[in-house]
file my_file_17.pdb (PDB, C-alpha atoms, pLDDT in the B column)
ATOM      1  CA  MET N   1     -76.228 -43.308  59.243  1.00 83.00           C
ATOM      2  CA  GLN N   2     -79.501 -44.978  58.262  1.00 91.00           C
ATOM      3  CA  PHE N   3     -79.812 -48.591  57.180  1.00 93.00           C
ATOM      4  CA  VAL N   4     -82.210 -50.701  55.146  1.00 94.00           C
ATOM      5  CA  LYS N   5     -83.006 -54.338  55.693  1.00 94.00           C
ATOM      6  CA  ILE N   6     -81.594 -56.867  53.233  1.00 95.00           C
ATOM      7  CA  ILE N   7     -83.159 -60.335  53.225  1.00 93.00           C
ATOM      8  CA  ARG N   8     -81.337 -63.402  51.955  1.00 92.00           C
ATOM      9  CA  PHE N   9     -82.866 -66.858  51.584  1.00 89.00           C
ATOM     10  CA  ASP N  10     -80.117 -69.444  51.652  1.00 87.00           C
ATOM     11  CA  GLN N  11     -79.123 -72.003  54.225  1.00 86.00           C
ATOM     12  CA  ASN N  12     -75.531 -70.673  54.042  1.00 88.00           C
ATOM     13  CA  GLY N  13     -76.499 -67.035  54.631  1.00 89.00           C
ATOM     14  CA  PHE N  14     -74.892 -64.191  52.720  1.00 92.00           C
ATOM     15  CA  THR N  15     -72.393 -66.285  50.797  1.00 91.00           C
ATOM     16  CA  CYS N  16     -71.118 -64.857  47.535  1.00 91.00           C
ATOM     17  CA  GLY N  17     -70.529 -66.404  44.157  1.00 88.00           C
ATOM     18  CA  SER N  18     -70.810 -65.548  40.497  1.00 86.00           C
ATOM     19  CA  PRO N  19     -74.194 -64.217  39.312  1.00 86.00           C
ATOM     20  CA  GLN N  20     -74.754 -67.551  37.570  1.00 78.00           C
ATOM     21  CA  SER N  21     -73.702 -69.842  40.431  1.00 72.00           C
ATOM     22  CA  ASP N  22     -75.639 -67.915  43.089  1.00 63.00           C
ATOM     23  CA  SER N  23     -78.873 -68.158  41.164  1.00 54.00           C
ATOM     24  CA  ILE N  24     -81.663 -70.357  42.436  1.00 53.00           C
ATOM     25  CA  TYR N  25     -82.394 -70.942  38.758  1.00 48.00           C
ATOM     26  CA  LYS N  26     -78.828 -72.238  38.031  1.00 52.00           C
ATOM     27  CA  ARG N  27     -79.346 -71.643  34.280  1.00 55.00           C
ATOM     28  CA  ARG N  28     -79.631 -67.912  34.746  1.00 66.00           C
ATOM     29  CA  GLU N  29     -77.455 -65.754  32.499  1.00 78.00           C
ATOM     30  CA  PRO N  30     -77.924 -62.256  33.936  1.00 86.00           C
ATOM     31  CA  VAL N  31     -76.970 -59.199  31.922  1.00 90.00           C
ATOM     32  CA  PHE N  32     -75.819 -56.114  33.798  1.00 93.00           C
ATOM     33  CA  ILE N  33     -76.323 -52.717  32.191  1.00 94.00           C
ATOM     34  CA  ASN N  34     -73.749 -50.173  33.308  1.00 94.00           C
ATOM     35  CA  ARG N  35     -76.285 -47.398  33.774  1.00 94.00           C
ATOM     36  CA  GLU N  36     -77.716 -45.933  36.971  1.00 96.00           C
ATOM     37  CA  ILE N  37     -81.423 -45.198  36.853  1.00 96.00           C
ATOM     38  CA  ASP N  38     -82.085 -41.865  38.555  1.00 94.00           C
ATOM     39  CA  ASN N  39     -85.602 -41.172  37.238  1.00 95.00           C
ATOM     40  CA  LEU N  40     -88.198 -43.822  38.040  1.00 95.00           C
ATOM     41  CA  PHE N  41     -90.508 -42.548  35.304  1.00 95.00           C
ATOM     42  CA  HIS N  42     -87.988 -42.547  32.422  1.00 94.00           C
ATOM     43  CA  THR N  43     -88.632 -45.854  30.665  1.00 93.00           C
ATOM     44  CA  GLY N  44     -87.994 -47.035  27.130  1.00 89.00           C
ATOM     45  CA  GLN N  45     -84.360 -45.928  26.998  1.00 91.00           C
ATOM     46  CA  SER N  46     -81.824 -47.246  24.493  1.00 89.00           C
ATOM     47  CA  ILE N  47     -78.201 -47.948  25.346  1.00 88.00           C
ATOM     48  CA  TYR N  48     -75.072 -48.774  23.418  1.00 86.00           C
ATOM     49  CA  THR N  49     -73.918 -52.375  23.502  1.00 86.00           C
ATOM     50  CA  SER N  50     -70.702 -51.148  25.127  1.00 88.00           C
ATOM     51  CA  GLU N  51     -72.738 -50.533  28.327  1.00 90.00           C
ATOM     52  CA  VAL N  52     -73.707 -54.206  28.545  1.00 89.00           C
ATOM     53  CA  ILE N  53     -71.779 -56.473  30.910  1.00 90.00           C
ATOM     54  CA  LEU N  54     -71.997 -60.250  30.620  1.00 88.00           C
ATOM     55  CA  PRO N  55     -69.972 -61.482  33.611  1.00 87.00           C
ATOM     56  CA  ARG N  56     -68.206 -64.790  33.204  1.00 83.00           C
ATOM     57  CA  ASN N  57     -68.813 -67.481  35.744  1.00 78.00           C
ATOM     58  CA  THR N  58     -65.133 -67.312  36.785  1.00 78.00           C
ATOM     59  CA  ASP N  59     -64.949 -63.506  37.112  1.00 79.00           C
ATOM     60  CA  ARG N  60     -64.357 -62.777  40.834  1.00 85.00           C
ATOM     61  CA  HIS N  61     -65.029 -59.057  40.218  1.00 90.00           C
ATOM     62  CA  TRP N  62     -68.733 -59.942  39.851  1.00 92.00           C
ATOM     63  CA  SER N  63     -68.927 -62.084  42.970  1.00 92.00           C
ATOM     64  CA  GLY N  64     -72.044 -61.283  44.995  1.00 93.00           C
ATOM     65  CA  CYS N  65     -75.447 -62.601  45.995  1.00 93.00           C
ATOM     66  CA  TYR N  66     -79.123 -62.152  45.203  1.00 93.00           C
ATOM     67  CA  CYS N  67     -81.176 -60.688  48.032  1.00 94.00           C
ATOM     68  CA  TYR N  68     -84.367 -58.754  48.675  1.00 95.00           C
ATOM     69  CA  LEU N  69     -84.652 -55.137  49.779  1.00 96.00           C
ATOM     70  CA  GLU N  70     -86.791 -54.555  52.888  1.00 93.00           C
ATOM     71  CA  GLU N  71     -89.489 -57.119  52.150  1.00 90.00           C
ATOM     72  CA  PHE N  72     -90.351 -60.369  50.432  1.00 86.00           C
ATOM     73  CA  THR N  73     -93.991 -61.429  50.307  1.00 77.00           C
ATOM     74  CA  GLN N  74     -93.749 -64.837  48.657  1.00 75.00           C
ATOM     75  CA  VAL N  75     -93.293 -68.184  50.362  1.00 75.00           C
ATOM     76  CA  ALA N  76     -89.614 -69.010  50.787  1.00 73.00           C
ATOM     77  CA  THR N  77     -88.283 -72.538  51.202  1.00 75.00           C
ATOM     78  CA  GLU N  78     -84.807 -71.590  52.454  1.00 77.00           C
ATOM     79  CA  THR N  79     -83.630 -70.163  55.766  1.00 85.00           C
ATOM     80  CA  ARG N  80     -84.116 -66.386  56.093  1.00 88.00           C
ATOM     81  CA  HIS N  81     -81.089 -64.212  56.950  1.00 90.00           C
ATOM     82  CA  ILE N  82     -81.101 -60.493  57.680  1.00 91.00           C
ATOM     83  CA  GLY N  83     -78.391 -57.889  57.165  1.00 94.00           C
ATOM     84  CA  PHE N  84     -78.496 -54.103  57.086  1.00 94.00           C
ATOM     85  CA  LEU N  85     -77.074 -51.988  54.267  1.00 95.00           C
ATOM     86  CA  PRO N  86     -76.350 -48.245  54.433  1.00 95.00           C
ATOM     87  CA  ARG N  87     -79.298 -46.375  52.913  1.00 94.00           C
ATOM     88  CA  GLU N  88     -77.061 -44.293  50.611  1.00 95.00           C
ATOM     89  CA  SER N  89     -75.824 -47.411  48.756  1.00 96.00           C
ATOM     90  CA  VAL N  90     -76.229 -48.116  45.047  1.00 98.00           C
ATOM     91  CA  ILE N  91     -77.404 -51.634  44.241  1.00 98.00           C
ATOM     92  CA  TRP N  92     -78.258 -53.699  41.161  1.00 97.00           C
ATOM     93  CA  VAL N  93     -82.005 -54.117  40.599  1.00 97.00           C
ATOM     94  CA  ARG N  94     -84.150 -55.643  37.884  1.00 95.00           C
ATOM     95  CA  ASN N  95     -84.482 -53.533  34.759  1.00 95.00           C
ATOM     96  CA  LYS N  96     -88.213 -53.103  35.320  1.00 94.00           C
ATOM     97  CA  SER N  97     -90.147 -50.061  36.407  1.00 95.00           C
ATOM     98  CA  HIS N  98     -93.226 -49.796  38.568  1.00 95.00           C
ATOM     99  CA  LEU N  99     -95.133 -48.565  35.496  1.00 93.00           C
ATOM    100  CA  GLY N 100     -97.398 -50.746  33.390  1.00 87.00           C
ATOM    101  CA  GLY N 101     -96.646 -53.888  35.309  1.00 83.00           C
ATOM    102  CA  GLY N 102     -92.889 -53.672  34.794  1.00 89.00           C
ATOM    103  CA  ILE N 103     -92.031 -51.702  31.654  1.00 92.00           C
ATOM    104  CA  PRO N 104     -88.224 -51.830  31.343  1.00 93.00           C
ATOM    105  CA  TYR N 105     -86.153 -48.715  31.923  1.00 94.00           C
ATOM    106  CA  ILE N 106     -83.825 -49.778  29.140  1.00 92.00           C
ATOM    107  CA  HIS N 107     -85.509 -51.673  26.373  1.00 88.00           C
ATOM    108  CA  ARG N 108     -83.004 -51.971  23.541  1.00 84.00           C
ATOM    109  CA  PHE N 109     -79.341 -52.295  22.736  1.00 80.00           C
ATOM    110  CA  VAL N 110     -77.875 -50.194  19.958  1.00 81.00           C
ATOM    111  CA  HIS N 111     -74.479 -50.857  18.407  1.00 69.00           C
ATOM    112  CA  PRO N 112     -72.485 -47.588  18.273  1.00 58.00           C
ATOM    113  CA  LEU N 113     -71.574 -48.106  14.599  1.00 55.00           C
ATOM    114  CA  VAL N 114     -74.999 -49.164  13.363  1.00 54.00           C
ATOM    115  CA  GLU N 115     -77.955 -46.852  12.801  1.00 52.00           C
ATOM    116  CA  GLU N 116     -80.820 -47.449  15.210  1.00 51.00           C
ATOM    117  CA  GLY N 117     -83.477 -49.687  13.709  1.00 46.00           C
ATOM    118  CA  THR N 118     -87.156 -50.190  14.471  1.00 41.00           C
ATOM    119  CA  ASP N 119     -86.957 -53.465  16.386  1.00 46.00           C
ATOM    120  CA  ASP N 120     -87.934 -52.644  19.978  1.00 46.00           C
ATOM    121  CA  ASP N 121     -87.697 -56.174  21.335  1.00 50.00           C
ATOM    122  CA  ASN N 122     -83.970 -56.886  21.217  1.00 48.00           C
ATOM    123  CA  MET N 123     -83.559 -56.636  25.014  1.00 55.00           C
ATOM    124  CA  ILE N 124     -82.597 -59.756  26.946  1.00 65.00           C
ATOM    125  CA  ASN N 125     -85.077 -60.612  29.709  1.00 71.00           C
ATOM    126  CA  ASP N 126     -82.804 -61.026  32.743  1.00 83.00           C
ATOM    127  CA  THR N 127     -81.255 -57.544  32.796  1.00 91.00           C
ATOM    128  CA  TRP N 128     -80.104 -55.527  35.790  1.00 95.00           C
ATOM    129  CA  VAL N 129     -79.433 -51.802  36.229  1.00 96.00           C
ATOM    130  CA  LYS N 130     -77.890 -49.748  39.021  1.00 97.00           C
ATOM    131  CA  MET N 131     -80.187 -47.784  41.322  1.00 97.00           C
ATOM    132  CA  ASN N 132     -79.701 -46.045  44.639  1.00 97.00           C
ATOM    133  CA  VAL N 133     -81.522 -47.638  47.562  1.00 97.00           C
ATOM    134  CA  GLU N 134     -83.843 -44.650  48.058  1.00 97.00           C
ATOM    135  CA  ASP N 135     -85.129 -44.942  44.481  1.00 97.00           C
ATOM    136  CA  ALA N 136     -85.452 -48.727  44.768  1.00 97.00           C
ATOM    137  CA  LEU N 137     -87.578 -48.311  47.892  1.00 97.00           C
ATOM    138  CA  GLU N 138     -89.690 -45.662  46.152  1.00 97.00           C
ATOM    139  CA  ARG N 139     -90.187 -47.979  43.155  1.00 96.00           C
ATOM    140  CA  THR N 140     -91.482 -50.640  45.560  1.00 96.00           C
ATOM    141  CA  ARG N 141     -93.783 -48.137  47.282  1.00 96.00           C
ATOM    142  CA  LEU N 142     -95.218 -46.974  43.959  1.00 96.00           C
ATOM    143  CA  TRP N 143     -95.781 -50.574  42.849  1.00 95.00           C
ATOM    144  CA  LYS N 144     -97.614 -51.414  46.094  1.00 94.00           C
ATOM    145  CA  LYS N 145     -99.766 -48.306  45.738  1.00 94.00           C
ATOM    146  CA  GLU N 146    -100.835 -49.346  42.223  1.00 92.00           C
ATOM    147  CA  TYR N 147    -100.939 -53.154  42.409  1.00 90.00           C
ATOM    148  CA  GLY N 148    -101.016 -54.141  46.078  1.00 87.00           C
ATOM    149  CA  SER N 149     -99.034 -57.353  46.383  1.00 87.00           C
ATOM    150  CA  LEU N 150     -95.355 -57.452  45.514  1.00 90.00           C
ATOM    151  CA  PRO N 151     -93.819 -59.782  42.951  1.00 92.00           C
ATOM    152  CA  GLY N 152     -90.351 -61.011  43.933  1.00 90.00           C
ATOM    153  CA  TRP N 153     -88.574 -59.102  41.143  1.00 93.00           C
ATOM    154  CA  ILE N 154     -89.599 -55.668  42.457  1.00 94.00           C
ATOM    155  CA  THR N 155     -87.587 -56.097  45.676  1.00 95.00           C
ATOM    156  CA  GLU N 156     -84.888 -58.432  44.336  1.00 95.00           C
ATOM    157  CA  CYS N 157     -81.402 -56.977  44.203  1.00 96.00           C
ATOM    158  CA  TYR N 158     -77.866 -58.149  43.553  1.00 95.00           C
ATOM    159  CA  LEU N 159     -75.245 -57.080  46.073  1.00 96.00           C
ATOM    160  CA  MET N 160     -71.590 -57.151  45.152  1.00 96.00           C
ATOM    161  CA  GLU N 161     -69.246 -59.000  47.521  1.00 95.00           C
ATOM    162  CA  GLY N 162     -67.818 -55.724  48.867  1.00 95.00           C
ATOM    163  CA  GLN N 163     -71.321 -54.620  49.857  1.00 96.00           C
ATOM    164  CA  VAL N 164     -72.033 -57.960  51.498  1.00 95.00           C
ATOM    165  CA  LYS N 165     -68.850 -57.598  53.587  1.00 94.00           C
ATOM    166  CA  ARG N 166     -70.067 -54.189  54.815  1.00 93.00           C
ATOM    167  CA  LEU N 167     -73.504 -55.435  55.906  1.00 94.00           C
ATOM    168  CA  VAL N 168     -74.370 -55.092  59.584  1.00 92.00           C
ATOM    169  CA  TYR N 169     -75.707 -58.380  60.932  1.00 85.00           C
ATOM    170  CA  PRO N 170     -77.935 -58.538  64.010  1.00 77.00           C
ATOM    171  CA  SER N 171     -77.310 -61.316  66.482  1.00 67.00           C
ATOM    172  CA  THR N 172     -80.170 -63.490  67.688  1.00 56.00           C
ATOM    173  CA  ASN N 173     -80.411 -61.259  70.766  1.00 51.00           C
ATOM    174  CA  GLU N 174     -80.828 -58.135  68.654  1.00 54.00           C
ATOM    175  CA  LYS N 175     -84.336 -58.595  67.219  1.00 54.00           C
ATOM    176  CA  VAL N 176     -85.174 -55.068  68.376  1.00 55.00           C
ATOM    177  CA  MET N 177     -82.276 -53.803  66.233  1.00 56.00           C
ATOM    178  CA  GLU N 178     -83.967 -55.190  63.082  1.00 55.00           C
ATOM    179  CA  PHE N 179     -87.104 -53.166  63.798  1.00 54.00           C
ATOM    180  CA  TRP N 180     -85.256 -50.038  64.884  1.00 55.00           C
ATOM    181  CA  LEU N 181     -82.802 -49.939  61.967  1.00 55.00           C
ATOM    182  CA  SER N 182     -85.460 -50.565  59.331  1.00 53.00           C
ATOM    183  CA  LYS N 183     -87.792 -47.864  60.699  1.00 53.00           C
ATOM    184  CA  ASN N 184     -85.277 -45.068  61.442  1.00 45.00           C
TER     185      ASN N 184
END

call {"tool": "encode", "arguments": {"input": "my_file_17.pdb", "output": "structure tokens"}}
result
Amino acid sequence: MQFVKIIRFDQNGFTCGSPQSDSIYKRREPVFINREIDNLFHTGQSIYTSEVILPRNTDRHWSGCYCYLEEFTQVATETRHIGFLPRESVIWVRNKSHLGGGIPYIHRFVHPLVEEGTDDDNMINDTWVKMNVEDALERTRLWKKEYGSLPGWITECYLMEGQVKRLVYPSTNEKVMEFWLSKN
């Protein structure tokens, strides 16, 4: 089994909470779109409002934490923690592609009983979609190839509590493990 490195910046490590309470922005109201992106070049999609999930702050089903996949190039003020996730996992990532500086994969909500209109800007900004780790890593690679430096959103992911519990954590004596697992 192959693993990918997950980076978490928090003095308490990989602690889980609601998507709102775990946010460094505390006023964040993330919207999860129940759709897995399997084509990195298919942007501008519409979805029905029934595919939109607005988790409540008290909903334990949505307990998890915000992390970064493989790398984080910005200055972090919190303590860095490392865990390793199986490479075949599906994670929540930002609803932004590597194309055009972050064109969204899904750009509008459509109500199933209302005819689709012409307004293309009815998408909420802080939206998340499902993506397998391989595609998320490829999206990062394609971004780096085109733009060089990485913005935080391209590697940011949201892991559900069950995924956090299955992370493999290296001990302080296992620094070689971090290199080996992330390269093999």

call {"tool": "residues_around", "arguments": {"input": "my_file_17.pdb", "residues": "Glu88 in chain N", "least_positions_apart": "5", "cutoff": "12 Å", "atoms": "all atoms listed in the file", "output": "list in words"}}
result
Met1, Gln2, Phe3, Val4, Met131, Asn132, Val133, Glu134, Asp135, Ala136, Leu137 and Gln163 of chain N

call {"tool": "resolve_selection", "arguments": {"input": "my_file_17.pdb", "expression": "the PyMOL selection byres ((chain N and resi 43-60) around 8)", "output": "PyMOL selection string"}}
result
chain N and resi 17-21+29-35+40-42+61-63+97+103-112

call {"tool": "atom_distance", "arguments": {"input": "my_file_17.pdb", "atom1": "CA of Tyr68 in chain N", "atom2": "CA of Glu146 in chain N"}}
result
20.0 Å

call {"tool": "resolve_selection", "arguments": {"input": "my_file_17.pdb", "expression": "the PyMOL selection byres ((chain N and resi 147-156) around 12)", "output": "PyMOL selection string"}}
result
chain N and resi 5-9+23+65-76+91-104+126-129+131+133+135-146+157-159

call {"tool": "atom_distance", "arguments": {"input": "my_file_17.pdb", "atom1": "CA of Thr77 in chain N", "atom2": "CA of Pro170 in chain N"}}
result
21.6 Å

call {"tool": "atom_distance", "arguments": {"input": "my_file_17.pdb", "atom1": "CA of Leu167 in chain N", "atom2": "CA of Asp10 in chain N"}}
result
16.1 Å
